[in-house]
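What's in start22.cif: mmCIF, C-alpha atoms
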data_coords
#
loop_
_atom_site.label_atom_id
_atom_site.label_comp_id
_atom_site.auth_asym_id
_atom_site.auth_seq_id
_atom_site.Cartn_x
_atom_site.Cartn_y
_atom_site.Cartn_z
CA ARG A 1 -15.34 9.17 -20.84
CA CYS A 2 -15.88 10.86 -17.48
CA HIS A 3 -15.57 9.15 -14.09
CA ASN A 4 -17.37 10.97 -11.30
CA GLY A 5 -18.11 8.49 -8.51
CA LYS A 6 -19.40 9.44 -5.06
CA ASP A 7 -16.31 8.07 -3.31
CA SER A 8 -13.66 9.22 -5.77
CA LYS A 9 -12.48 12.44 -7.37
CA PRO A 10 -13.61 13.13 -10.95
CA PHE A 11 -11.24 12.30 -13.80
CA LEU A 12 -11.40 11.93 -17.57
CA GLU A 13 -10.10 9.25 -19.91
CA VAL A 14 -9.52 9.89 -23.59
CA VAL A 15 -9.66 6.52 -25.36
CA PHE A 16 -8.68 5.96 -28.99
CA GLU A 17 -7.41 3.18 -31.23
CA ALA A 18 -3.67 2.64 -31.00
CA LYS A 19 -3.24 3.01 -34.76
CA ASN A 20 -4.39 6.65 -34.50
CA LYS A 21 -1.21 8.31 -33.32
CA LEU A 22 -2.37 11.49 -31.60
CA ASN A 23 -0.04 14.06 -30.08
CA SER A 24 -0.58 14.51 -26.34
CA ASP A 25 -0.38 18.29 -26.68
CA ASP A 26 -3.21 18.20 -29.24
CA ILE A 27 -5.36 16.13 -26.87
CA ASP A 28 -4.60 18.62 -24.07
CA GLU A 29 -5.85 21.45 -26.27
CA ILE A 30 -9.05 19.58 -27.14
CA ILE A 31 -9.75 18.93 -23.44
CA GLN A 32 -9.18 22.57 -22.50
CA GLU A 33 -11.48 23.79 -25.28
CA ASN A 34 -14.34 21.37 -24.64
CA VAL A 35 -14.38 20.72 -20.90
CA GLN A 36 -15.65 23.44 -18.58
CA ASN A 37 -13.62 22.39 -15.54
CA ASN A 38 -9.86 22.80 -15.59
CA TYR A 39 -8.28 19.35 -16.12
CA ILE A 40 -4.60 18.44 -16.44
CA ARG A 41 -2.98 15.37 -17.99
CA ILE A 42 -1.58 12.64 -15.73
CA GLY A 43 1.45 10.87 -17.12
CA GLU A 44 1.75 9.67 -20.70
CA CYS A 45 -0.41 7.64 -23.05
CA ARG A 46 -0.76 3.96 -22.12
CA ARG A 47 -2.53 0.83 -23.42
CA ASP A 48 -5.53 -0.74 -21.69
CA LEU A 49 -6.38 -4.46 -21.61
CA MET A 50 -8.34 -4.15 -24.86
CA GLY A 51 -5.40 -2.63 -26.71
CA TYR A 52 -6.78 0.90 -26.86
CA SER A 53 -4.63 3.93 -26.11
CA VAL A 54 -5.71 5.84 -22.99
CA VAL A 55 -4.74 9.29 -21.76
CA LYS A 56 -5.97 10.32 -18.30
CA TYR A 57 -6.82 13.77 -16.97
CA MET A 58 -7.65 14.89 -13.45
CA LYS A 59 -9.15 18.10 -12.11
CA LYS A 60 -6.43 20.65 -11.42
CA PRO A 61 -5.41 20.20 -7.74
CA ARG A 62 -4.74 22.83 -5.12
CA TYR A 63 -1.17 21.67 -4.50
CA LYS A 64 1.80 20.63 -6.60
CA THR A 65 4.88 18.62 -5.67
CA VAL A 66 8.56 18.51 -6.53
CA THR A 67 10.77 15.64 -5.37
CA GLY A 68 14.50 15.24 -4.82
CA VAL A 69 16.15 11.80 -4.67
CA ALA A 70 19.56 10.79 -3.32
CA ARG A 71 20.84 7.23 -2.95
CA ALA A 72 23.95 5.13 -2.49
CA SER A 73 24.46 1.37 -2.73
CA LYS A 74 26.14 -0.75 -0.07
CA ASP A 75 29.24 -1.10 -2.22
CA GLU A 76 30.24 1.08 -5.13
CA ASN A 77 29.79 -1.68 -7.69
CA SER A 78 26.89 -3.54 -6.05
CA ILE A 79 23.19 -3.47 -6.88
CA SER A 80 21.07 -1.57 -4.36
CA GLY A 81 18.37 -3.54 -2.57
CA ASP A 82 16.31 -0.34 -2.23
CA THR A 83 13.65 0.55 -4.79
CA PHE A 84 11.60 3.73 -4.84
CA ALA A 85 8.84 5.40 -6.85
CA PHE A 86 6.82 8.60 -6.89
CA PHE A 87 3.90 9.30 -9.22
CA ILE A 88 0.43 10.88 -9.52
CA PRO A 89 -2.42 8.54 -10.56
CA SER A 90 -5.90 9.62 -11.69
CA SER A 91 -7.11 9.60 -8.07
CA GLY A 92 -5.47 12.98 -7.52
CA TYR A 93 -2.98 11.71 -4.95
CA TYR A 94 0.77 12.06 -5.00
CA ILE A 95 2.20 8.63 -4.14
CA SER A 96 5.76 8.12 -2.91
CA ALA A 97 7.21 4.85 -1.70
CA ILE A 98 10.47 3.16 -0.67
CA SER A 99 10.96 -0.60 -0.36
CA ASP A 100 14.04 -2.24 1.16
CA GLY A 101 14.47 -5.86 0.08
CA THR A 102 15.52 -8.55 2.52
CA GLY A 103 19.17 -9.55 2.14
CA SER A 104 21.41 -7.80 -0.36
CA GLY A 105 22.26 -7.58 -4.04
CA ARG A 106 20.06 -8.88 -6.83
CA ARG A 107 17.74 -10.90 -4.60
CA ALA A 108 16.97 -7.91 -2.35
CA GLU A 109 16.49 -5.70 -5.40
CA LYS A 110 14.05 -8.22 -6.90
CA TYR A 111 11.92 -8.31 -3.74
CA SER A 112 11.75 -4.52 -3.35
CA ARG A 113 11.26 -3.88 -7.08
CA THR A 114 8.33 -6.31 -7.19
CA ALA A 115 6.65 -4.60 -4.22
CA ILE A 116 6.95 -1.19 -5.88
CA GLN A 117 5.73 -2.55 -9.23
CA ILE A 118 2.64 -4.03 -7.58
CA LEU A 119 1.90 -0.65 -6.01
CA GLU A 120 2.35 1.25 -9.28
CA SER A 121 0.32 -1.19 -11.38
CA LEU A 122 -2.63 -1.39 -9.00
CA VAL A 123 -2.89 2.32 -8.23
CA ASP A 124 -2.36 3.34 -11.87
CA ASP A 125 -5.23 1.04 -12.85
CA GLY A 126 -7.57 2.76 -10.40
CA THR A 127 -7.32 0.44 -7.39
CA ASP A 128 -7.95 2.20 -4.08
CA ILE A 129 -4.68 2.78 -2.21
CA ASN A 130 -5.96 0.92 0.88
CA LEU A 131 -6.77 -2.17 -1.19
CA ALA A 132 -3.46 -1.91 -3.04
CA VAL A 133 -1.63 -1.89 0.29
CA ARG A 134 -3.45 -5.06 1.35
CA PHE A 135 -2.32 -6.83 -1.84
CA ILE A 136 1.26 -5.70 -1.27
CA ASN A 137 1.13 -7.08 2.26
CA LEU A 138 0.04 -10.48 0.93
CA TYR A 139 3.11 -10.50 -1.31
CA LEU A 140 5.46 -9.38 1.47
CA ASN A 141 4.17 -12.12 3.79
CA MET A 142 4.51 -15.02 1.33
CA ARG A 143 7.09 -16.60 3.68
CA GLY A 144 5.25 -15.64 6.88
CA ASN A 145 5.20 -12.63 9.17
CA GLU A 146 8.60 -13.48 10.63
CA ASP A 147 10.35 -13.59 7.25
CA ARG A 148 9.02 -10.76 5.10
CA LEU A 149 10.44 -10.28 1.61
CA ALA A 150 10.88 -6.52 2.00
CA THR A 151 9.88 -3.45 3.97
CA ILE A 152 7.52 -0.92 2.42
CA ASP A 153 6.98 2.74 3.27
CA ILE A 154 4.16 4.51 1.41
CA CYS A 155 2.82 8.04 1.64
CA ALA A 156 -0.25 9.20 -0.29
CA ILE A 157 -0.84 12.97 -0.32
CA ASP A 158 -4.25 14.25 -1.41
CA LEU A 159 -3.26 17.15 -3.65
CA HIS A 160 -6.69 18.74 -3.21
CA ASN A 161 -6.51 19.21 0.57
CA GLY A 162 -2.97 18.23 1.65
CA GLU A 163 -3.95 15.21 3.74
CA ALA A 164 -1.02 12.77 3.90
CA SER A 165 -1.71 9.10 4.66
CA PHE A 166 1.19 6.88 5.76
CA TYR A 167 1.34 3.08 5.41
CA LYS A 168 4.35 1.35 6.95
CA TYR A 169 5.58 -2.25 7.11
CA ASP A 170 8.76 -2.46 9.23
CA ALA A 171 9.85 0.88 7.76
CA PRO A 172 11.92 3.56 9.54
CA PRO A 173 10.38 6.89 10.59
CA ALA A 174 9.44 9.56 8.07
CA MET A 175 9.68 13.29 8.73
CA ILE A 176 7.50 16.27 7.88
CA LYS A 177 9.51 19.49 7.99
CA LYS A 178 7.27 22.49 8.58
CA LYS A 179 8.23 26.13 8.98
CA HIS A 180 8.63 25.98 12.76
CA GLU A 181 8.91 22.26 13.57
CA THR A 182 9.89 18.86 12.23
CA MET A 183 7.41 16.06 12.92
CA ILE A 184 8.45 12.41 13.26
CA ILE A 185 6.12 9.79 11.77
CA GLU A 186 7.11 6.61 13.59
CA MET A 187 5.70 3.12 13.09
CA ASP A 188 5.11 2.66 16.83
CA GLU A 189 2.83 5.70 16.87
CA LEU A 190 0.72 4.65 13.92
CA ASN A 191 -2.61 2.89 14.24
CA GLU A 192 -3.60 -0.43 12.76
CA ASN A 193 -6.09 -0.12 9.90
CA PRO A 194 -9.10 -2.15 11.09
CA ASN A 195 -10.26 -2.85 7.55
CA ALA A 196 -7.05 -4.50 6.40
CA ILE A 197 -5.99 -8.13 6.45
CA GLY A 198 -2.49 -8.33 7.92
CA SER A 199 -2.88 -4.59 8.27
CA PRO A 200 -0.08 -2.03 7.99
CA HIS A 201 0.60 0.74 10.45
CA TYR A 202 -1.41 3.74 9.27
CA LYS A 203 -1.65 7.43 10.10
CA SER A 204 -3.07 10.55 8.47
CA ILE A 205 -1.56 14.05 8.86
CA ARG A 206 -2.52 17.34 7.20
CA MET A 207 0.23 19.07 5.21
CA THR A 208 0.22 22.61 3.84
CA GLY A 209 2.08 24.50 1.15
CA GLY A 210 5.79 24.82 1.92
CA ASP A 211 5.97 21.58 3.94
CA PHE A 212 8.59 18.92 3.16
CA LEU A 213 8.06 15.16 3.34
CA ILE A 214 11.26 13.20 4.03
CA MET A 215 11.18 9.43 3.51
CA LEU A 216 14.23 7.22 3.93
CA SER A 217 15.42 3.65 3.94
CA ASP A 218 17.00 1.78 6.86
CA GLY A 219 20.52 2.63 5.71
CA ILE A 220 19.95 6.37 6.23
CA TYR A 221 18.12 5.91 9.52
CA GLU A 222 20.70 3.55 11.03
CA ALA A 223 23.53 5.95 10.19
CA PHE A 224 21.83 8.64 12.30
CA LEU A 225 20.65 6.23 15.00
CA SER A 226 21.69 7.33 18.49
CA GLU A 227 20.43 5.74 21.70
CA LYS A 228 17.67 4.03 19.75
CA ASP A 229 15.89 7.19 18.67
CA CYS A 230 16.06 9.50 15.66
CA ASN A 231 16.68 12.80 17.48
CA SER A 232 19.98 13.35 15.67
CA LEU A 233 18.26 12.99 12.30
CA GLN A 234 15.42 15.26 13.38
CA LEU A 235 17.84 17.94 14.58
CA PHE A 236 19.89 17.71 11.39
CA ILE A 237 16.77 18.17 9.22
CA GLU A 238 15.56 21.10 11.35
CA ARG A 239 18.89 22.87 10.82
CA LEU A 240 18.91 22.46 7.04
CA ASP A 241 18.67 25.92 5.51
CA THR A 242 17.35 25.25 2.02
CA ILE A 243 13.99 25.13 0.27
CA ASN A 244 15.35 22.97 -2.55
CA PRO A 245 14.27 19.31 -2.04
CA GLN A 246 17.18 17.96 -4.11
CA LEU A 247 19.75 19.86 -2.07
CA MET A 248 18.03 18.66 1.10
CA ALA A 249 18.14 15.03 -0.08
CA ASN A 250 21.82 15.35 -1.01
CA ALA A 251 22.68 16.86 2.38
CA ILE A 252 20.92 14.06 4.29
CA LEU A 253 22.65 11.35 2.23
CA ASN A 254 26.09 12.94 2.53
CA GLU A 255 25.72 13.30 6.30
CA ALA A 256 24.57 9.67 6.62
CA ILE A 257 27.59 8.45 4.64
CA ALA A 258 29.93 10.59 6.74
CA LYS A 259 28.46 9.20 9.97
CA SER A 260 28.59 5.55 8.85
CA GLY A 261 32.11 5.62 7.42
CA ALA A 262 33.33 3.36 4.63
CA LYS A 263 30.87 0.54 5.35
CA HIS A 264 27.16 1.27 5.14
CA ASP A 265 23.91 -0.33 4.03
CA ASP A 266 21.99 0.67 0.92
CA MET A 267 20.76 4.24 1.35
CA THR A 268 17.80 6.02 -0.24
CA VAL A 269 16.15 9.34 0.70
CA LEU A 270 13.16 11.04 -0.96
CA VAL A 271 12.39 14.67 -0.18
CA THR A 272 9.11 16.06 -1.50
CA LYS A 273 8.05 19.68 -1.25
CA LEU A 274 4.35 20.53 -1.30
CA TRP A 275 3.62 23.92 -2.84
#

Encoding of this model in structure tokens:
Amino acid sequence: RCHNGKDSKPFLEVVFEAKNKLNSDDIDEIIQENVQNNYIRIGECRRDLMGYSVVKYMKKPRYKTVTGVARASKDENSISGDTFAFFIPSSGYYISAISDGTGSGRRAEKYSRTAIQILESLVDDGTDINLAVRFINLYLNMRGNEDRLATIDICAIDLHNGEASFYKYDAPPAMIKKKHETMIIEMDELNENPNAIGSPHYKSIRMTGGDFLIMLSDGIYEAFLSEKDCNSLQLFIERLDTINPQLMANAILNEAIAKSGAKHDDMTVLVTKLW
């Protein structure tokens, strides 16, 4: 079945009974042979609410992404309170997110993991990202605005035109490293979304091929914090001489650990290259 709404990008769903075990590569070949437009598979086969197997395809985007991840827990043997995710739903967006749970250990991990799972479940099922963010905010504010369960930092990149939308709840700055500059995406500079209840801070920025998106948790940011700004982090990222997002993520984490010494908070950094 084909979905081609006015307000959404076209995508296909191949639906079949679960008992018919079809190879994903065979389905890919059938789609390529019978559909005029060039579609690519998103993720793996999954079950819908009726028990049918569903494989989704979206129109081939202009851009692709590759992501590097580096992280460290507060203590070597402790559970990190940070949870992250990056994925591409049928909407044609690349979604990346970091959540930092309140407190530490298992409780913090539970809060942040639940926030990320809500995001993944809603967006994977076709919920608009703006509406999904509103649902996440309701969860985060269960104990009131002054006692949120976790922070959340979300970036949605439209792979067809490179537009990056940021949604932040008490999250540290993100960075976009371009060829000749490194941009800081700070919460104080973002606008409130007028259509949201308990709205997040929101901003949209256009990215191009070769740009890097750097997202990080509080542990990384606080290690670089100097005179209540992130200039030291910005300068460090500008001086990084690599086009490999994994090497970039490793370098940022290692520098943060070196700056913080033996004691540091949970640390997570995601570096995504658009190409």

I'd like to see the residues matched by the PyMOL selection byres ((chain A and resi 164) around 10) on this file, and ideally I'd get them as an MDAnalysis selection string. chainID A and resid 93:95 155:159 161:163 165:166 203:208 213

Check which residues satisfy the PyMOL selection byres ((chain A and resi 171-186) around 10) in the file shown, then give them as an mmCIF file with C-alpha atoms, keeping the file's coordinate frame.
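Result went into part_33.cif, see below:
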data_model
loop_
_atom_site.group_PDB
_atom_site.id
_atom_site.type_symbol
_atom_site.label_atom_id
_atom_site.label_comp_id
_atom_site.auth_asym_id
_atom_site.auth_seq_id
_atom_site.Cartn_x
_atom_site.Cartn_y
_atom_site.Cartn_z
ATOM 1 C CA ILE A 98 10.470 3.160 -0.670
ATOM 2 C CA SER A 99 10.960 -0.600 -0.360
ATOM 3 C CA ASP A 100 14.040 -2.240 1.160
ATOM 4 C CA ALA A 150 10.880 -6.520 2.000
ATOM 5 C CA THR A 151 9.880 -3.450 3.970
ATOM 6 C CA ILE A 152 7.520 -0.920 2.420
ATOM 7 C CA ASP A 153 6.980 2.740 3.270
ATOM 8 C CA ILE A 154 4.160 4.510 1.410
ATOM 9 C CA CYS A 155 2.820 8.040 1.640
ATOM 10 C CA PHE A 166 1.190 6.880 5.760
ATOM 11 C CA TYR A 167 1.340 3.080 5.410
ATOM 12 C CA LYS A 168 4.350 1.350 6.950
ATOM 13 C CA TYR A 169 5.580 -2.250 7.110
ATOM 14 C CA ASP A 170 8.760 -2.460 9.230
ATOM 15 C CA MET A 187 5.700 3.120 13.090
ATOM 16 C CA ASP A 188 5.110 2.660 16.830
ATOM 17 C CA GLU A 189 2.830 5.700 16.870
ATOM 18 C CA LEU A 190 0.720 4.650 13.920
ATOM 19 C CA HIS A 201 0.600 0.740 10.450
ATOM 20 C CA TYR A 202 -1.410 3.740 9.270
ATOM 21 C CA LYS A 203 -1.650 7.430 10.100
ATOM 22 C CA SER A 204 -3.070 10.550 8.470
ATOM 23 C CA ILE A 205 -1.560 14.050 8.860
ATOM 24 C CA MET A 207 0.230 19.070 5.210
ATOM 25 C CA THR A 208 0.220 22.610 3.840
ATOM 26 C CA GLY A 209 2.080 24.500 1.150
ATOM 27 C CA GLY A 210 5.790 24.820 1.920
ATOM 28 C CA ASP A 211 5.970 21.580 3.940
ATOM 29 C CA PHE A 212 8.590 18.920 3.160
ATOM 30 C CA LEU A 213 8.060 15.160 3.340
ATOM 31 C CA ILE A 214 11.260 13.200 4.030
ATOM 32 C CA MET A 215 11.180 9.430 3.510
ATOM 33 C CA LEU A 216 14.230 7.220 3.930
ATOM 34 C CA SER A 217 15.420 3.650 3.940
ATOM 35 C CA ASP A 218 17.000 1.780 6.860
ATOM 36 C CA GLY A 219 20.520 2.630 5.710
ATOM 37 C CA ILE A 220 19.950 6.370 6.230
ATOM 38 C CA TYR A 221 18.120 5.910 9.520
ATOM 39 C CA GLU A 222 20.700 3.550 11.030
ATOM 40 C CA ASP A 229 15.890 7.190 18.670
ATOM 41 C CA CYS A 230 16.060 9.500 15.660
ATOM 42 C CA ASN A 231 16.680 12.800 17.480
ATOM 43 C CA LEU A 233 18.260 12.990 12.300
ATOM 44 C CA GLN A 234 15.420 15.260 13.380
ATOM 45 C CA LEU A 235 17.840 17.940 14.580
ATOM 46 C CA ILE A 237 16.770 18.170 9.220
ATOM 47 C CA GLU A 238 15.560 21.100 11.350
ATOM 48 C CA ARG A 239 18.890 22.870 10.820
ATOM 49 C CA LEU A 240 18.910 22.460 7.040
ATOM 50 C CA VAL A 269 16.150 9.340 0.700
ATOM 51 C CA LEU A 270 13.160 11.040 -0.960
ATOM 52 C CA VAL A 271 12.390 14.670 -0.180
ATOM 53 C CA THR A 272 9.110 16.060 -1.500
ATOM 54 C CA LYS A 273 8.050 19.680 -1.250
#

Closest to Asp266 of chain A among A:Ser80, A:Ser96, A:Asn130, A:Ser53, using all atoms listed in the file? A:Ser80

I need the residue set behind the PyMOL selection byres ((chain A and resi 52) around 8) for this file; please write it as a list in words. Val15, Phe16, Glu17, Ala18, Arg47, Asp48, Leu49, Met50, Gly51, Ser53 and Val54 of chain A

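The gap separating atom CA of Glu13 of chain A from atom CA of Val66 of chain A is 24.8 Å, in Å to one decimal.
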
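One distance worth recording is that between atom CA of Glu120 of chain A and atom CA of Tyr139 of chain A, which is 14.2 Å.
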
Find, counting only C-alpha atoms, the residue in A:Leu131, A:Leu225, A:Ile118, A:Ile30 that gets nearest to Ala256 of chain A. A:Leu225

How would segment 131-158 of chain A look written as a PDB file, in the first residue's frame with N, CA and C atoms?
ATOM      1  N   LEU A 131       4.136  16.211  17.348  1.00  0.00           N
ATOM      2  CA  LEU A 131       3.179  15.615  18.279  1.00  0.00           C
ATOM      3  C   LEU A 131       3.885  14.646  19.219  1.00  0.00           C
ATOM      4  N   ALA A 132       4.843  13.886  18.692  1.00  0.00           N
ATOM      5  CA  ALA A 132       5.602  12.955  19.530  1.00  0.00           C
ATOM      6  C   ALA A 132       6.336  13.706  20.637  1.00  0.00           C
ATOM      7  N   VAL A 133       6.897  14.859  20.308  1.00  0.00           N
ATOM      8  CA  VAL A 133       7.605  15.664  21.296  1.00  0.00           C
ATOM      9  C   VAL A 133       6.663  16.137  22.392  1.00  0.00           C
ATOM     10  N   ARG A 134       5.440  16.469  22.036  1.00  0.00           N
ATOM     11  CA  ARG A 134       4.455  16.913  23.027  1.00  0.00           C
ATOM     12  C   ARG A 134       4.115  15.779  23.996  1.00  0.00           C
ATOM     13  N   PHE A 135       3.991  14.550  23.469  1.00  0.00           N
ATOM     14  CA  PHE A 135       3.723  13.403  24.345  1.00  0.00           C
ATOM     15  C   PHE A 135       4.901  13.147  25.285  1.00  0.00           C
ATOM     16  N   ILE A 136       6.111  13.271  24.771  1.00  0.00           N
ATOM     17  CA  ILE A 136       7.300  13.073  25.606  1.00  0.00           C
ATOM     18  C   ILE A 136       7.327  14.105  26.726  1.00  0.00           C
ATOM     19  N   ASN A 137       6.956  15.337  26.413  1.00  0.00           N
ATOM     20  CA  ASN A 137       6.962  16.385  27.426  1.00  0.00           C
ATOM     21  C   ASN A 137       5.961  16.083  28.540  1.00  0.00           C
ATOM     22  N   LEU A 138       4.815  15.510  28.185  1.00  0.00           N
ATOM     23  CA  LEU A 138       3.840  15.131  29.208  1.00  0.00           C
ATOM     24  C   LEU A 138       4.439  14.102  30.162  1.00  0.00           C
ATOM     25  N   TYR A 139       5.179  13.148  29.610  1.00  0.00           N
ATOM     26  CA  TYR A 139       5.838  12.145  30.450  1.00  0.00           C
ATOM     27  C   TYR A 139       6.901  12.786  31.340  1.00  0.00           C
ATOM     28  N   LEU A 140       7.732  13.651  30.756  1.00  0.00           N
ATOM     29  CA  LEU A 140       8.819  14.265  31.516  1.00  0.00           C
ATOM     30  C   LEU A 140       8.307  15.134  32.656  1.00  0.00           C
ATOM     31  N   ASN A 141       7.113  15.706  32.482  1.00  0.00           N
ATOM     32  CA  ASN A 141       6.558  16.619  33.481  1.00  0.00           C
ATOM     33  C   ASN A 141       5.551  15.955  34.416  1.00  0.00           C
ATOM     34  N   MET A 142       5.593  14.654  34.538  1.00  0.00           N
ATOM     35  CA  MET A 142       4.658  13.942  35.422  1.00  0.00           C
ATOM     36  C   MET A 142       4.732  14.452  36.860  1.00  0.00           C
ATOM     37  N   ARG A 143       5.921  14.879  37.291  1.00  0.00           N
ATOM     38  CA  ARG A 143       6.107  15.370  38.661  1.00  0.00           C
ATOM     39  C   ARG A 143       6.161  16.893  38.732  1.00  0.00           C
ATOM     40  N   GLY A 144       5.792  17.550  37.609  1.00  0.00           N
ATOM     41  CA  GLY A 144       5.793  19.011  37.587  1.00  0.00           C
ATOM     42  C   GLY A 144       7.001  19.573  36.879  1.00  0.00           C
ATOM     43  N   ASN A 145       6.891  20.820  36.442  1.00  0.00           N
ATOM     44  CA  ASN A 145       7.964  21.466  35.685  1.00  0.00           C
ATOM     45  C   ASN A 145       9.264  21.600  36.472  1.00  0.00           C
ATOM     46  N   GLU A 146       9.154  21.673  37.786  1.00  0.00           N
ATOM     47  CA  GLU A 146      10.345  21.878  38.613  1.00  0.00           C
ATOM     48  C   GLU A 146      11.061  20.575  38.950  1.00  0.00           C
ATOM     49  N   ASP A 147      10.480  19.453  38.572  1.00  0.00           N
ATOM     50  CA  ASP A 147      11.066  18.151  38.924  1.00  0.00           C
ATOM     51  C   ASP A 147      10.886  17.185  37.757  1.00  0.00           C
ATOM     52  N   ARG A 148      11.512  17.503  36.632  1.00  0.00           N
ATOM     53  CA  ARG A 148      11.379  16.670  35.439  1.00  0.00           C
ATOM     54  C   ARG A 148      12.128  15.357  35.609  1.00  0.00           C
ATOM     55  N   LEU A 149      11.588  14.320  34.966  1.00  0.00           N
ATOM     56  CA  LEU A 149      12.182  12.984  35.074  1.00  0.00           C
ATOM     57  C   LEU A 149      13.504  12.875  34.325  1.00  0.00           C
ATOM     58  N   ALA A 150      13.648  13.640  33.248  1.00  0.00           N
ATOM     59  CA  ALA A 150      14.856  13.543  32.425  1.00  0.00           C
ATOM     60  C   ALA A 150      14.940  14.753  31.502  1.00  0.00           C
ATOM     61  N   THR A 151      16.121  14.975  30.959  1.00  0.00           N
ATOM     62  CA  THR A 151      16.263  15.942  29.868  1.00  0.00           C
ATOM     63  C   THR A 151      16.038  15.193  28.552  1.00  0.00           C
ATOM     64  N   ILE A 152      15.790  15.938  27.494  1.00  0.00           N
ATOM     65  CA  ILE A 152      15.684  15.303  26.176  1.00  0.00           C
ATOM     66  C   ILE A 152      16.226  16.274  25.136  1.00  0.00           C
ATOM     67  N   ASP A 153      17.022  15.764  24.244  1.00  0.00           N
ATOM     68  CA  ASP A 153      17.615  16.555  23.162  1.00  0.00           C
ATOM     69  C   ASP A 153      17.365  15.785  21.875  1.00  0.00           C
ATOM     70  N   ILE A 154      16.576  16.366  20.971  1.00  0.00           N
ATOM     71  CA  ILE A 154      16.169  15.678  19.744  1.00  0.00           C
ATOM     72  C   ILE A 154      16.539  16.529  18.543  1.00  0.00           C
ATOM     73  N   CYS A 155      17.075  15.885  17.518  1.00  0.00           N
ATOM     74  CA  CYS A 155      17.296  16.547  16.234  1.00  0.00           C
ATOM     75  C   CYS A 155      16.685  15.683  15.137  1.00  0.00           C
ATOM     76  N   ALA A 156      15.883  16.315  14.278  1.00  0.00           N
ATOM     77  CA  ALA A 156      15.270  15.626  13.143  1.00  0.00           C
ATOM     78  C   ALA A 156      15.775  16.285  11.860  1.00  0.00           C
ATOM     79  N   ILE A 157      16.518  15.526  11.059  1.00  0.00           N
ATOM     80  CA  ILE A 157      17.080  16.053   9.814  1.00  0.00           C
ATOM     81  C   ILE A 157      16.276  15.522   8.638  1.00  0.00           C
ATOM     82  N   ASP A 158      15.719  16.423   7.847  1.00  0.00           N
ATOM     83  CA  ASP A 158      15.013  16.040   6.626  1.00  0.00           C
ATOM     84  C   ASP A 158      16.057  15.634   5.593  1.00  0.00           C
TER      85      ASP A 158
END
